[in-house]
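The file my_file_1.cif comes next; it holds mmCIF, C-alpha atoms and all ligand atoms.
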```cif
data_structure
#
loop_
_atom_site.label_atom_id
_atom_site.label_comp_id
_atom_site.auth_asym_id
_atom_site.auth_seq_id
_atom_site.Cartn_x
_atom_site.Cartn_y
_atom_site.Cartn_z
CA MET A 361 -7.03 -42.90 -13.48
CA THR A 362 -6.72 -40.36 -10.68
CA ASP A 363 -8.57 -41.22 -7.49
CA THR A 364 -11.14 -38.44 -7.50
CA THR A 365 -12.29 -39.29 -3.97
CA ALA A 366 -8.84 -38.53 -2.58
CA PRO A 367 -8.87 -35.41 -0.42
CA THR A 368 -6.13 -33.93 -2.61
CA ALA A 369 -8.28 -33.96 -5.74
CA VAL A 370 -9.38 -30.36 -5.40
CA LEU A 371 -10.64 -28.58 -8.47
CA ARG A 372 -8.12 -25.81 -8.18
CA ALA A 373 -5.15 -25.92 -5.81
CA HIS A 374 -3.81 -22.70 -4.30
CA ALA A 375 -0.74 -21.37 -6.07
CA GLU A 376 1.55 -22.29 -3.15
CA GLU A 377 0.35 -25.91 -3.38
CA ALA A 378 0.28 -26.20 -7.16
CA TYR A 379 3.82 -24.80 -7.46
CA ALA A 380 5.24 -26.05 -4.16
CA ALA A 381 8.15 -27.80 -5.88
CA GLU A 382 9.18 -24.68 -7.80
CA LEU A 383 8.93 -22.53 -4.69
CA ALA A 384 11.06 -24.96 -2.71
CA ALA A 385 13.71 -25.12 -5.45
CA LEU A 386 13.80 -21.32 -5.63
CA ALA A 387 14.13 -21.00 -1.85
CA ALA A 388 17.03 -23.48 -1.87
CA ALA A 389 18.85 -21.72 -4.70
CA ASP A 390 18.16 -18.20 -3.48
CA GLU A 391 21.16 -16.59 -1.80
CA ARG A 392 20.12 -12.98 -2.17
CA PRO A 393 18.91 -10.91 0.77
CA ARG A 394 15.25 -11.32 1.67
CA PRO A 395 13.16 -8.53 3.17
CA PRO A 396 11.91 -9.37 6.69
CA ARG A 397 9.60 -12.44 6.69
CA TRP A 398 9.79 -12.87 2.92
CA ARG A 399 10.14 -16.50 1.87
CA LEU A 400 12.17 -15.46 -1.17
CA SER A 401 14.30 -12.55 -2.29
CA PRO A 402 12.74 -10.06 -4.72
CA TRP A 403 14.89 -11.58 -7.46
CA ALA A 404 13.54 -15.08 -6.77
CA VAL A 405 9.95 -13.81 -6.60
CA THR A 406 10.39 -12.24 -10.04
CA THR A 407 11.92 -15.44 -11.39
CA TYR A 408 8.96 -17.38 -9.99
CA LEU A 409 6.57 -15.04 -11.83
CA LEU A 410 8.39 -14.83 -15.15
CA GLY A 411 10.01 -18.27 -15.28
CA GLY A 412 13.61 -19.28 -15.84
CA THR A 413 16.14 -22.05 -15.28
CA LEU A 414 17.96 -22.35 -11.97
CA ASP A 415 21.64 -23.27 -11.68
CA ASP A 416 20.72 -26.82 -10.64
CA GLY A 417 18.66 -27.18 -13.83
CA THR A 418 15.22 -26.77 -12.22
CA GLU A 419 12.77 -25.25 -14.69
CA ILE A 420 10.56 -22.50 -13.30
CA THR A 421 7.46 -22.15 -15.46
CA PRO A 422 6.40 -18.62 -16.38
CA LYS A 423 3.20 -17.56 -14.60
CA TYR A 424 2.93 -14.06 -16.06
CA LEU A 425 3.68 -13.47 -19.71
CA GLY A 426 4.52 -9.87 -20.29
CA SER A 427 6.83 -7.11 -19.20
CA ARG A 428 9.59 -8.07 -16.77
CA ARG A 429 9.94 -4.48 -15.63
CA LEU A 430 6.28 -4.39 -14.60
CA MET A 431 6.73 -7.39 -12.33
CA GLU A 432 9.95 -5.97 -10.90
CA VAL A 433 8.13 -2.77 -10.03
CA ALA A 434 5.33 -4.76 -8.37
CA VAL A 435 7.73 -6.83 -6.28
CA ALA A 436 9.86 -3.84 -5.35
CA SER A 437 6.90 -1.82 -4.18
CA LEU A 438 5.77 -4.64 -1.90
CA ALA A 439 9.16 -4.46 -0.25
CA THR A 440 8.47 -0.82 0.69
CA ASP A 441 5.87 0.47 3.11
CA ARG A 442 3.47 1.29 0.31
CA ALA A 443 0.74 -1.08 -0.74
CA LEU A 444 0.28 -2.31 -4.30
CA LEU A 445 -2.78 -1.72 -6.47
CA LEU A 446 -3.07 -3.75 -9.67
CA LEU A 447 -5.37 -1.97 -12.06
CA GLY A 448 -6.58 -2.99 -15.49
CA ILE A 449 -9.48 -4.09 -17.63
CA PRO A 450 -11.05 -7.46 -16.80
CA GLY A 451 -8.99 -10.51 -17.62
CA THR A 452 -5.53 -8.94 -17.53
CA ALA A 453 -4.27 -11.34 -14.83
CA LYS A 454 -4.62 -8.98 -11.85
CA THR A 455 -6.02 -11.67 -9.56
CA TRP A 456 -3.66 -14.25 -11.00
CA VAL A 457 -0.57 -12.09 -10.38
CA SER A 458 -1.67 -11.12 -6.87
CA GLU A 459 -2.22 -14.75 -5.92
CA HIS A 460 1.23 -15.74 -7.17
CA LEU A 461 2.87 -12.77 -5.47
CA ALA A 462 1.31 -13.71 -2.13
CA ALA A 463 2.28 -17.37 -2.59
CA ALA A 464 5.90 -16.55 -3.42
CA ILE A 465 6.41 -13.81 -0.84
CA SER A 466 4.40 -15.05 2.14
CA GLY A 467 3.99 -18.73 1.29
CA SER A 468 0.22 -18.38 1.35
CA SER A 469 -2.30 -16.79 -0.97
CA THR A 470 -5.33 -17.54 1.17
CA LEU A 471 -5.59 -14.33 3.17
CA VAL A 472 -8.04 -12.53 0.92
CA VAL A 473 -10.94 -10.11 1.19
CA GLN A 474 -13.38 -10.34 -1.69
CA GLY A 475 -14.62 -6.81 -2.34
CA THR A 476 -18.31 -6.36 -3.09
CA ALA A 477 -20.86 -3.61 -2.58
CA GLY A 478 -21.78 -5.43 0.64
CA THR A 479 -18.28 -5.90 2.10
CA PRO A 480 -18.64 -4.97 5.79
CA GLU A 481 -16.06 -3.26 7.95
CA GLU A 482 -15.55 -6.56 9.79
CA ALA A 483 -13.86 -7.86 6.64
CA MET A 484 -11.14 -5.19 7.03
CA ARG A 485 -10.94 -5.02 10.83
CA TYR A 486 -12.50 -7.67 13.02
CA GLY A 487 -15.86 -9.06 14.07
CA TRP A 488 -17.17 -10.81 17.13
CA ASN A 489 -18.23 -14.32 17.91
CA TYR A 490 -21.50 -13.25 19.50
CA ALA A 491 -22.06 -16.43 21.51
CA ARG A 492 -18.73 -15.91 23.25
CA LEU A 493 -19.16 -12.18 23.48
CA LEU A 494 -22.47 -12.63 25.34
CA SER A 495 -21.25 -15.38 27.64
CA GLU A 496 -17.73 -14.09 28.37
CA GLY A 497 -17.83 -10.43 27.53
CA PRO A 498 -15.37 -8.79 25.13
CA SER A 499 -12.05 -10.61 25.02
CA ARG A 500 -9.43 -11.49 22.45
CA ALA A 501 -10.94 -14.99 22.33
CA ALA A 502 -14.34 -13.62 21.34
CA LEU A 503 -12.83 -11.51 18.58
CA VAL A 504 -12.91 -12.82 15.01
CA PRO A 505 -9.96 -11.37 13.11
CA SER A 506 -10.33 -10.32 9.47
CA PRO A 507 -7.80 -11.55 6.89
CA VAL A 508 -6.21 -8.09 7.10
CA MET A 509 -5.76 -8.38 10.87
CA ARG A 510 -4.34 -11.88 10.54
CA ALA A 511 -1.85 -10.69 7.95
CA MET A 512 -0.77 -7.90 10.32
CA GLU A 513 -0.22 -10.44 13.12
CA LEU A 514 1.64 -12.83 10.82
CA GLY A 515 3.67 -10.24 8.96
CA SER A 516 2.37 -11.44 5.62
CA LEU A 517 0.61 -10.22 2.53
CA VAL A 518 -3.15 -9.89 2.35
CA ARG A 519 -5.05 -9.60 -0.91
CA ILE A 520 -8.04 -7.34 -1.42
CA GLU A 521 -9.97 -8.21 -4.54
CA GLU A 522 -12.01 -5.58 -6.40
CA LEU A 523 -11.16 -2.75 -4.02
CA THR A 524 -13.26 -0.17 -5.88
CA ARG A 525 -16.45 -2.16 -5.37
CA ILE A 526 -16.14 -1.78 -1.61
CA PRO A 527 -18.21 1.06 -0.09
CA ALA A 528 -16.13 4.17 0.55
CA ASP A 529 -16.49 4.14 4.36
CA VAL A 530 -15.25 0.55 4.51
CA GLN A 531 -12.35 1.39 2.19
CA ASP A 532 -11.42 4.19 4.54
CA SER A 533 -10.80 1.76 7.38
CA LEU A 534 -7.72 0.76 5.39
CA ILE A 535 -6.21 4.23 5.65
CA THR A 536 -5.14 3.90 9.31
CA ILE A 537 -3.96 0.38 8.74
CA LEU A 538 -1.81 1.41 5.79
CA SER A 539 -0.42 4.60 7.23
CA GLU A 540 -0.03 3.78 10.92
CA LYS A 541 0.41 0.01 10.49
CA HIS A 542 -1.68 -0.70 13.52
CA LEU A 543 -5.30 -1.56 14.09
CA PRO A 544 -6.93 -0.20 17.24
CA ILE A 545 -9.39 -2.41 19.14
CA PRO A 546 -11.18 0.17 21.33
CA GLU A 547 -13.50 -2.44 22.89
CA LEU A 548 -10.49 -4.09 24.52
CA ASP A 549 -8.42 -0.95 24.89
CA ASP A 550 -5.87 -2.79 22.80
CA GLU A 551 -4.38 -2.76 19.34
CA VAL A 552 -2.71 -5.01 16.81
CA GLN A 553 0.62 -3.83 15.47
CA ALA A 554 1.60 -5.07 12.06
CA LEU A 555 4.75 -7.17 11.99
CA GLN A 556 7.40 -6.50 9.37
CA GLY A 557 6.43 -8.23 6.14
CA PHE A 558 2.82 -7.07 6.31
CA ASN A 559 1.50 -5.45 3.15
CA VAL A 560 -1.60 -5.25 0.97
CA ILE A 561 -2.08 -6.20 -2.69
CA ALA A 562 -5.34 -4.88 -4.04
CA THR A 563 -6.89 -5.38 -7.46
CA ALA A 564 -9.40 -3.16 -9.21
CA ASN A 565 -10.92 -3.15 -12.57
CA ASN A 566 -10.98 -0.14 -14.92
CA ARG A 567 -14.47 -0.87 -16.06
CA ASP A 568 -15.87 -0.50 -12.54
CA LYS A 569 -14.30 2.90 -12.19
CA GLY A 570 -16.78 5.29 -10.73
CA VAL A 571 -18.63 2.65 -8.75
CA ASN A 572 -16.69 3.57 -5.65
CA ASP A 573 -13.64 5.47 -6.72
CA LEU A 574 -10.72 5.41 -4.35
CA SER A 575 -10.45 8.41 -2.07
CA SER A 576 -7.30 10.40 -2.70
CA ALA A 577 -6.17 9.63 0.85
CA LEU A 578 -6.26 5.95 0.06
CA LYS A 579 -4.83 6.37 -3.44
CA ARG A 580 -1.76 8.02 -1.98
CA ARG A 581 -1.02 4.91 0.05
CA PHE A 582 -0.92 2.65 -2.97
CA ASN A 583 1.57 2.27 -5.78
CA THR A 584 -0.68 1.77 -8.77
CA LEU A 585 0.38 -0.54 -11.54
CA VAL A 586 -1.68 -0.95 -14.70
CA LEU A 587 -1.61 -4.43 -16.18
CA PRO A 588 -1.97 -4.06 -19.96
CA LEU A 589 -3.48 -6.32 -22.57
CA PRO A 590 -0.81 -8.40 -24.33
CA ASP A 591 1.18 -6.35 -26.86
CA THR A 592 1.40 -8.81 -29.70
CA LEU A 593 -0.62 -11.60 -31.24
CA ALA A 594 2.21 -14.05 -30.55
CA GLN A 595 2.30 -13.15 -26.87
CA GLU A 596 -1.44 -13.47 -26.46
CA VAL A 597 -1.51 -16.80 -28.33
CA GLU A 598 1.21 -18.08 -25.99
CA ILE A 599 -0.80 -17.05 -22.89
CA VAL A 600 -3.91 -18.78 -24.20
CA ARG A 601 -1.98 -21.88 -25.24
CA THR A 602 -0.26 -22.39 -21.88
CA ARG A 603 -3.38 -21.68 -19.83
CA VAL A 604 -5.63 -23.92 -21.95
CA ALA A 605 -3.11 -26.75 -21.66
CA ALA A 606 -2.89 -26.30 -17.86
CA LEU A 607 -6.66 -26.08 -17.44
CA GLY A 608 -7.13 -29.11 -19.66
CA ARG A 609 -4.76 -31.08 -17.45
CA SER A 610 -6.59 -30.15 -14.26
CA LEU A 611 -9.97 -31.02 -15.85
CA GLU A 612 -8.45 -34.27 -17.13
CA LEU A 613 -9.22 -33.45 -20.73
CA PRO A 614 -6.95 -35.13 -23.27
CA ALA A 615 -3.79 -33.08 -23.52
CA ASP A 616 -3.08 -30.43 -26.13
CA LEU A 617 -6.18 -30.88 -28.23
CA ALA A 618 -6.34 -27.25 -29.16
CA SER A 619 -4.24 -26.73 -32.22
CA LEU A 620 -2.17 -23.62 -32.43
CA ALA A 621 -3.99 -22.62 -35.60
CA GLN A 622 -7.36 -22.57 -33.83
CA ILE A 623 -5.97 -20.56 -30.92
CA GLU A 624 -4.40 -18.10 -33.34
CA ARG A 625 -7.72 -17.58 -35.08
CA VAL A 626 -9.68 -16.97 -31.89
CA VAL A 627 -7.06 -14.55 -30.59
CA THR A 628 -6.96 -12.76 -33.96
CA VAL A 629 -10.75 -12.28 -33.89
CA PHE A 630 -10.50 -10.93 -30.34
CA ARG A 631 -7.67 -8.54 -31.14
CA GLU A 632 -9.25 -7.23 -34.33
CA LEU A 633 -12.63 -6.59 -32.70
CA ARG A 634 -10.96 -5.02 -29.68
CA SER A 635 -8.78 -2.65 -31.69
CA GLY A 636 -11.38 -1.84 -34.36
CA VAL A 637 -9.07 -2.61 -37.25
CA THR A 638 -8.04 -5.80 -39.06
CA ALA A 639 -4.59 -7.28 -38.45
CA ASP A 640 -3.32 -5.96 -41.80
CA GLN A 641 -4.50 -2.46 -40.75
CA ARG A 642 -6.55 -2.23 -43.98
CA THR A 643 -10.17 -2.43 -42.80
CA THR A 644 -11.71 -0.61 -39.89
CA ILE A 645 -14.42 -2.47 -38.06
CA LYS A 646 -16.76 -1.68 -35.20
CA SER A 647 -15.97 -2.89 -31.68
CA PRO A 648 -18.58 -4.70 -29.62
CA SER A 649 -19.48 -3.74 -26.04
CA ALA A 650 -17.74 -6.83 -24.63
CA THR A 651 -14.20 -6.53 -23.24
CA LEU A 652 -12.89 -9.55 -25.17
CA SER A 653 -10.05 -10.15 -22.75
CA THR A 654 -7.39 -12.81 -22.90
CA ALA A 655 -9.21 -14.55 -20.06
CA GLU A 656 -12.27 -14.90 -22.31
CA ALA A 657 -10.19 -16.26 -25.16
CA ILE A 658 -8.95 -18.87 -22.69
CA SER A 659 -12.52 -19.90 -21.86
CA VAL A 660 -13.58 -20.02 -25.51
CA MET A 661 -10.72 -22.42 -26.23
CA THR A 662 -11.30 -24.49 -23.08
CA ASN A 663 -14.95 -24.91 -24.03
CA GLY A 664 -13.86 -25.93 -27.50
CA VAL A 665 -11.54 -28.56 -26.05
CA ALA A 666 -14.36 -29.92 -23.85
CA LEU A 667 -16.75 -30.11 -26.82
CA ALA A 668 -14.18 -31.84 -29.00
CA ALA A 669 -13.22 -34.28 -26.25
CA HIS A 670 -16.73 -35.26 -25.25
CA PHE A 671 -18.76 -34.91 -28.43
CA GLY A 672 -16.29 -34.73 -31.29
CA ASP A 673 -13.44 -36.82 -32.59
CA GLY A 674 -10.95 -35.27 -30.20
CA VAL A 675 -9.66 -32.57 -32.54
CA VAL A 676 -10.84 -29.02 -31.91
CA ARG A 677 -12.60 -27.79 -35.05
CA ALA A 678 -14.24 -24.54 -36.07
CA ASP A 679 -17.69 -25.60 -34.87
CA ASP A 680 -16.26 -26.41 -31.42
CA VAL A 681 -15.08 -22.83 -30.95
CA ALA A 682 -17.81 -20.99 -32.89
CA ALA A 683 -20.48 -21.03 -30.16
CA GLY A 684 -18.07 -19.83 -27.49
CA LEU A 685 -16.72 -17.18 -29.83
CA VAL A 686 -20.14 -15.73 -30.69
CA GLY A 687 -21.10 -15.89 -27.00
CA ALA A 688 -18.02 -13.89 -26.02
CA VAL A 689 -18.57 -11.21 -28.68
CA VAL A 690 -22.35 -10.82 -28.57
CA LYS A 691 -23.11 -9.63 -25.05
CA ASP A 692 -25.72 -7.10 -26.12
CA PRO A 693 -28.23 -8.98 -28.29
CA VAL A 694 -28.96 -6.02 -30.57
CA GLN A 695 -25.88 -3.81 -30.99
CA ASP A 696 -23.24 -6.51 -30.68
CA ARG A 697 -25.07 -8.80 -33.09
CA ILE A 698 -24.90 -6.11 -35.77
CA VAL A 699 -21.17 -5.63 -35.12
CA TRP A 700 -20.59 -9.38 -35.26
CA GLN A 701 -22.58 -9.89 -38.47
CA GLU A 702 -20.64 -7.12 -40.14
CA TYR A 703 -17.31 -8.58 -39.04
CA LEU A 704 -18.40 -12.02 -40.21
CA GLU A 705 -19.45 -10.80 -43.66
CA THR A 706 -16.64 -8.33 -44.32
CA VAL A 707 -13.64 -10.00 -42.68
CA VAL A 708 -14.16 -13.67 -41.83
CA LYS A 709 -15.87 -14.50 -45.14
CA ASP A 710 -13.02 -13.12 -47.22
CA ARG A 711 -10.26 -15.17 -45.61
CA ALA A 712 -9.78 -18.30 -47.70
CA GLU A 713 -8.39 -20.37 -44.83
CA TRP A 714 -11.28 -19.34 -42.53
CA THR A 715 -14.20 -20.78 -44.54
CA ASP A 716 -14.85 -23.49 -41.92
CA LEU A 717 -15.13 -20.84 -39.22
CA TYR A 718 -17.38 -18.68 -41.39
CA ARG A 719 -19.69 -21.61 -42.04
CA ALA A 720 -19.76 -22.68 -38.39
CA CYS A 721 -20.64 -19.14 -37.24
CA ARG A 722 -23.29 -18.75 -39.95
CA GLU A 723 -24.92 -21.99 -38.85
CA LEU A 724 -25.37 -20.57 -35.38
CA GLY A 725 -27.57 -17.86 -36.89
N1 LIG B 801 -0.19 -11.65 -19.33
C1 LIG B 801 -0.69 -12.80 -18.85
N2 LIG B 801 0.13 -13.78 -18.44
C2 LIG B 801 -0.36 -14.94 -17.97
N3 LIG B 801 -1.66 -15.22 -17.83
C3 LIG B 801 -2.54 -14.28 -18.22
C4 LIG B 801 -2.10 -13.03 -18.75
N4 LIG B 801 -3.20 -12.30 -19.06
C5 LIG B 801 -4.27 -13.05 -18.72
N5 LIG B 801 -3.88 -14.25 -18.22
C6 LIG B 801 -4.78 -15.32 -17.78
O1 LIG B 801 -6.08 -14.82 -17.71
C7 LIG B 801 -6.81 -15.47 -16.70
C8 LIG B 801 -7.69 -14.47 -15.96
O2 LIG B 801 -6.94 -13.61 -15.20
P1 LIG B 801 -7.52 -12.94 -13.87
O3 LIG B 801 -8.69 -13.65 -13.35
O4 LIG B 801 -6.36 -12.75 -12.97
O5 LIG B 801 -8.00 -11.56 -14.46
P2 LIG B 801 -8.35 -10.22 -13.67
O6 LIG B 801 -7.48 -9.18 -14.25
O7 LIG B 801 -8.33 -10.44 -12.21
O8 LIG B 801 -9.84 -9.95 -14.19
P3 LIG B 801 -11.08 -9.30 -13.41
O9 LIG B 801 -10.92 -7.82 -13.51
O10 LIG B 801 -12.25 -9.78 -14.23
O11 LIG B 801 -11.08 -9.81 -12.01
C9 LIG B 801 -5.82 -16.19 -15.82
O12 LIG B 801 -6.01 -17.55 -16.00
C10 LIG B 801 -4.46 -15.79 -16.36
O13 LIG B 801 -3.62 -16.87 -16.39
MG MG B 802 -9.79 -10.43 -10.71
#
```

Let me see the structure of the file written as structure tokens.
Amino acid sequence: MTDTTAPTAVLRAHAEEAYAAELAALAAADERPRPPRWRLSPWAVTTYLLGGTLDDGTEITPKYLGSRRLMEVAVASLATDRALLLLGIPGTAKTWVSEHLAAAISGSSTLVVQGTAGTPEEAMRYGWNYARLLSEGPSRAALVPSPVMRAMELGSLVRIEELTRIPADVQDSLITILSEKHLPIPELDDEVQALQGFNVIATANNRDKGVNDLSSALKRRFNTLVLPLPDTLAQEVEIVRTRVAALGRSLELPADLASLAQIERVVTVFRELRSGVTADQRTTIKSPSATLSTAEAISVMTNGVALAAHFGDGVVRADDVAAGLVGAVVKDPVQDRIVWQEYLETVVKDRAEWTDLYRACRELG
């Protein structure tokens, strides 16, 4: 049994901690040139993301499953003076990729600004420790640096999550930082100059588009990369399988309960409903309002594993995934329910090897 009172038993370790051994092995094997203050060369960063075997036999597990070129473009643009914007629908691994990029390049993924409608300018620039400000007056010691300012001082990457949710005037404070690479502090008649190695990785979600669109001035300072949904069923099944196994391990659920067949079914349902046509291209179906991302397929399966482990016989069965599946599809209780019922009766019912799933979904009403 793991000692759950140990200080190391965190629910989710940062990427640089969880993969410390891989990062160290890559750094040792990496003889290619590294951009200033990068822990690894661009080649090693890409290997860290996509996986591979090093000359000394060390296995690097793949973090991102998908196009190699896409990751090369992401890494290369971080080595330039332009920032990187990862764009895509929810659940396409934008946050996941940005965390791993920061861990591999700067050795830390913890400098992060979480973008919300209420993100203040202090989160991009700096704030003040008011007790000190009142007692000592303005000084560097009374200043509270933002993650962006700390990254400039350290010459490291900073992540900005959900950039388009941030109010436009706060977003604009990034323009000077990205174009001039310094941050003025008028109160102290001073400034912070970014060290080499400083850069920004932002994420934004297609579905939020229009909430606070990026100004064209800001857009010009980013290389935008769209992370797509997985191309093929096999690729998506592999993503779900590896993530469910890893999550199961960290939650101490018995290993590999989720059979490949169950994962394949869930992913097939997701892909068919998403694309509006059955896998054999024969029947068109309606799509629900939900995004049905890979990330949601991962949670449906993880919930199924938890149900099977705690309340079942340890094998994930149709009724362990059915509730999660219906919950993921039916987000709008009226419209989506109609779409789901139709899919159930016209597609699921007719598949001989899916009768258990059909019955389990029917039982949920
Ligand atoms: N191509 C992929 N390769 C590896 N993992 C993936 C892939 N696509 C999705 N995932 C998994 O999906 C999960 C969710 O990803 P993440 O939270 O990064 O999504 P996101 O794009 O940031 O979504 P949101 O827009 O909702 O913030 C992660 O656990 C990640 O491992
Ligand atoms: Mg995200």

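With distances taken over only C-alpha atoms and all ligand atoms, A:Pro590 is the one residue among A:Gly608, A:Gly478, A:Pro590, A:Gly467 lying closest to ligand LIG 801 (chain B).
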
Interface rows for chain A against ligand LIG 801 (chain B): nearest pair, Å to one decimal, 8 Å, only C-alpha atoms and all ligand atoms, as JSON lines:
```
{"residue": "A:Pro422", "atom": "CA", "partner": "B:LIG801", "partner_atom": "C2", "distance": 7.9}
{"residue": "A:Lys423", "atom": "CA", "partner": "B:LIG801", "partner_atom": "C2", "distance": 5.6}
{"residue": "A:Tyr424", "atom": "CA", "partner": "B:LIG801", "partner_atom": "N2", "distance": 3.7}
{"residue": "A:Leu425", "atom": "CA", "partner": "B:LIG801", "partner_atom": "N2", "distance": 3.8}
{"residue": "A:Gly426", "atom": "CA", "partner": "B:LIG801", "partner_atom": "N1", "distance": 5.1}
{"residue": "A:Leu447", "atom": "CA", "partner": "B:LIG801", "partner_atom": "O6", "distance": 7.8}
{"residue": "A:Gly448", "atom": "CA", "partner": "B:LIG801", "partner_atom": "O6", "distance": 6.4}
{"residue": "A:Ile449", "atom": "CA", "partner": "B:LIG801", "partner_atom": "O9", "distance": 5.7}
{"residue": "A:Pro450", "atom": "CA", "partner": "B:LIG801", "partner_atom": "O9", "distance": 3.3}
{"residue": "A:Gly451", "atom": "CA", "partner": "B:LIG801", "partner_atom": "O5", "distance": 3.5}
{"residue": "A:Thr452", "atom": "CA", "partner": "B:LIG801", "partner_atom": "O6", "distance": 3.8}
{"residue": "A:Ala453", "atom": "CA", "partner": "B:LIG801", "partner_atom": "O4", "distance": 3.1}
{"residue": "A:Lys454", "atom": "CA", "partner": "B:LIG801", "partner_atom": "O6", "distance": 3.7}
{"residue": "A:Thr455", "atom": "CA", "partner": "B:LIG801", "partner_atom": "O4", "distance": 3.6}
{"residue": "A:Trp456", "atom": "CA", "partner": "B:LIG801", "partner_atom": "O4", "distance": 3.7}
{"residue": "A:Val457", "atom": "CA", "partner": "B:LIG801", "partner_atom": "O4", "distance": 6.4}
{"residue": "A:Ser458", "atom": "CA", "partner": "B:LIG801", "partner_atom": "O4", "distance": 7.9}
{"residue": "A:Glu521", "atom": "CA", "partner": "B:LIG801", "partner_atom": "O11", "distance": 7.7}
{"residue": "A:Glu522", "atom": "CA", "partner": "B:LIG801", "partner_atom": "O11", "distance": 7.1}
{"residue": "A:Thr563", "atom": "CA", "partner": "B:LIG801", "partner_atom": "O7", "distance": 7.1}
{"residue": "A:Ala564", "atom": "CA", "partner": "B:LIG801", "partner_atom": "O9", "distance": 6.5}
{"residue": "A:Asn565", "atom": "CA", "partner": "B:LIG801", "partner_atom": "O9", "distance": 4.8}
{"residue": "A:Asn566", "atom": "CA", "partner": "B:LIG801", "partner_atom": "O9", "distance": 7.8}
{"residue": "A:Leu587", "atom": "CA", "partner": "B:LIG801", "partner_atom": "O6", "distance": 7.8}
{"residue": "A:Pro588", "atom": "CA", "partner": "B:LIG801", "partner_atom": "N1", "distance": 7.8}
{"residue": "A:Leu589", "atom": "CA", "partner": "B:LIG801", "partner_atom": "N4", "distance": 6.9}
{"residue": "A:Pro590", "atom": "CA", "partner": "B:LIG801", "partner_atom": "N1", "distance": 6.0}
{"residue": "A:Glu596", "atom": "CA", "partner": "B:LIG801", "partner_atom": "N1", "distance": 7.5}
{"residue": "A:Ile599", "atom": "CA", "partner": "B:LIG801", "partner_atom": "C2", "distance": 5.4}
{"residue": "A:Val600", "atom": "CA", "partner": "B:LIG801", "partner_atom": "C6", "distance": 7.3}
{"residue": "A:Arg603", "atom": "CA", "partner": "B:LIG801", "partner_atom": "O13", "distance": 5.9}
{"residue": "A:Ser653", "atom": "CA", "partner": "B:LIG801", "partner_atom": "C5", "distance": 7.6}
{"residue": "A:Thr654", "atom": "CA", "partner": "B:LIG801", "partner_atom": "C5", "distance": 5.2}
{"residue": "A:Ala655", "atom": "CA", "partner": "B:LIG801", "partner_atom": "O1", "distance": 3.9}
{"residue": "A:Glu656", "atom": "CA", "partner": "B:LIG801", "partner_atom": "O1", "distance": 7.7}
{"residue": "A:Ile658", "atom": "CA", "partner": "B:LIG801", "partner_atom": "O1", "distance": 7.0}
```

Excluding region 438-445 of chain A and any residue of its chain fewer than 6 positions from it, enumerate the residues within 6 Å of it, using all atoms listed in the file, and give them as a PyMOL selection string.
chain A and resi 559-563+581-584

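CA of Thr651 (chain A) is found 26.3 Å from CA of Glu713 (chain A).
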
Please list as a list in words every residue within 8 Å of Val604 (chain A), counting all atoms listed in the file and excluding residues in the same chain fewer than 5 positions away.
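Once the adjacent positions are removed, what remains is Ala618, Ile658, Ser659, Met661 and Thr662 of chain A.
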
What is the CA of Arg601 (chain A)-CA of Arg625 (chain A) distance in Å, reported with one decimal?
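A separation of 12.2 Å between them.
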
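Minimum distance to Arg519 (chain A) across A:Val504, A:Leu555, A:Val637, A:Val472 (counting only C-alpha atoms) occurs at A:Val472.
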
Rank nothing, just name the residue among A:Lys541, A:Arg642, A:Arg677, A:Arg631 nearest to Ala511 (chain A), using all atoms listed in the file.
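Of the candidates, the smallest distance to Ala511 (chain A) is held by A:Lys541.
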
I want to know what sits within 9 Å of Pro507 (chain A), based on all atoms listed in the file, with residues of the same chain fewer than 3 positions away left out; could you give that as a ChimeraX atom specification?
/A:470-473,483-486,510-512,518-519

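Each of A:Ile420, A:Ala683, A:Ala462, A:Ala375 was checked against Ala389 (chain A) using only C-alpha atoms; the smallest atom-to-atom distance is that of A:Ile420.
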
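Note that the spacing between CA of Cys721 (chain A) and CA of Leu611 (chain A) amounts to 26.7 Å.
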
Using all atoms listed in the file, pick whichever of A:Ser516, A:Ser499, A:Gln531, A:Ser437 has the shortest atom-to-atom distance to Asp550 (chain A).
A:Ser499

Check the smallest atom-to-atom distance from each of A:Leu523, A:Leu503, A:Ala381, A:Leu717 to ligand MG 802 (chain B) using only C-alpha atoms and all ligand atoms, then report the winner.
A:Leu523

I want to know what sits within 6 Å of Leu543 (chain A), based on all atoms listed in the file, with residues of the same chain fewer than 4 positions away left out; could you give that as a list in words?
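After dropping sequence-adjacent residues, the list is Ile537, Glu551 and Val552 of chain A.
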
12 Å contact set for Ser533 (chain A), only C-alpha atoms, chain neighbours under 3 positions out, as a ChimeraX atom specification
/A:479-486,508-509,526-530,536-544,575,577-578

Extract region 539-551 of chain A from the structure I just pasted (atoms: C-alpha atoms) and return it as a CSV table (one decimal), in the first residue's frame.
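Output below, filename part03.csv:
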```csv
chain,number,residue,atom,x,y,z
A,539,SER,CA,6.9,43.0,-28.8
A,540,GLU,CA,9.3,45.0,-26.7
A,541,LYS,CA,10.2,42.1,-24.3
A,542,HIS,CA,10.3,44.5,-21.4
A,543,LEU,CA,7.8,45.4,-18.7
A,544,PRO,CA,7.8,49.0,-17.5
A,545,ILE,CA,7.3,49.7,-13.7
A,546,PRO,CA,6.5,53.4,-13.8
A,547,GLU,CA,5.9,53.5,-10.0
A,548,LEU,CA,9.6,52.7,-9.5
A,549,ASP,CA,10.8,54.4,-12.6
A,550,ASP,CA,12.2,51.0,-13.5
A,551,GLU,CA,11.6,48.1,-15.8
```
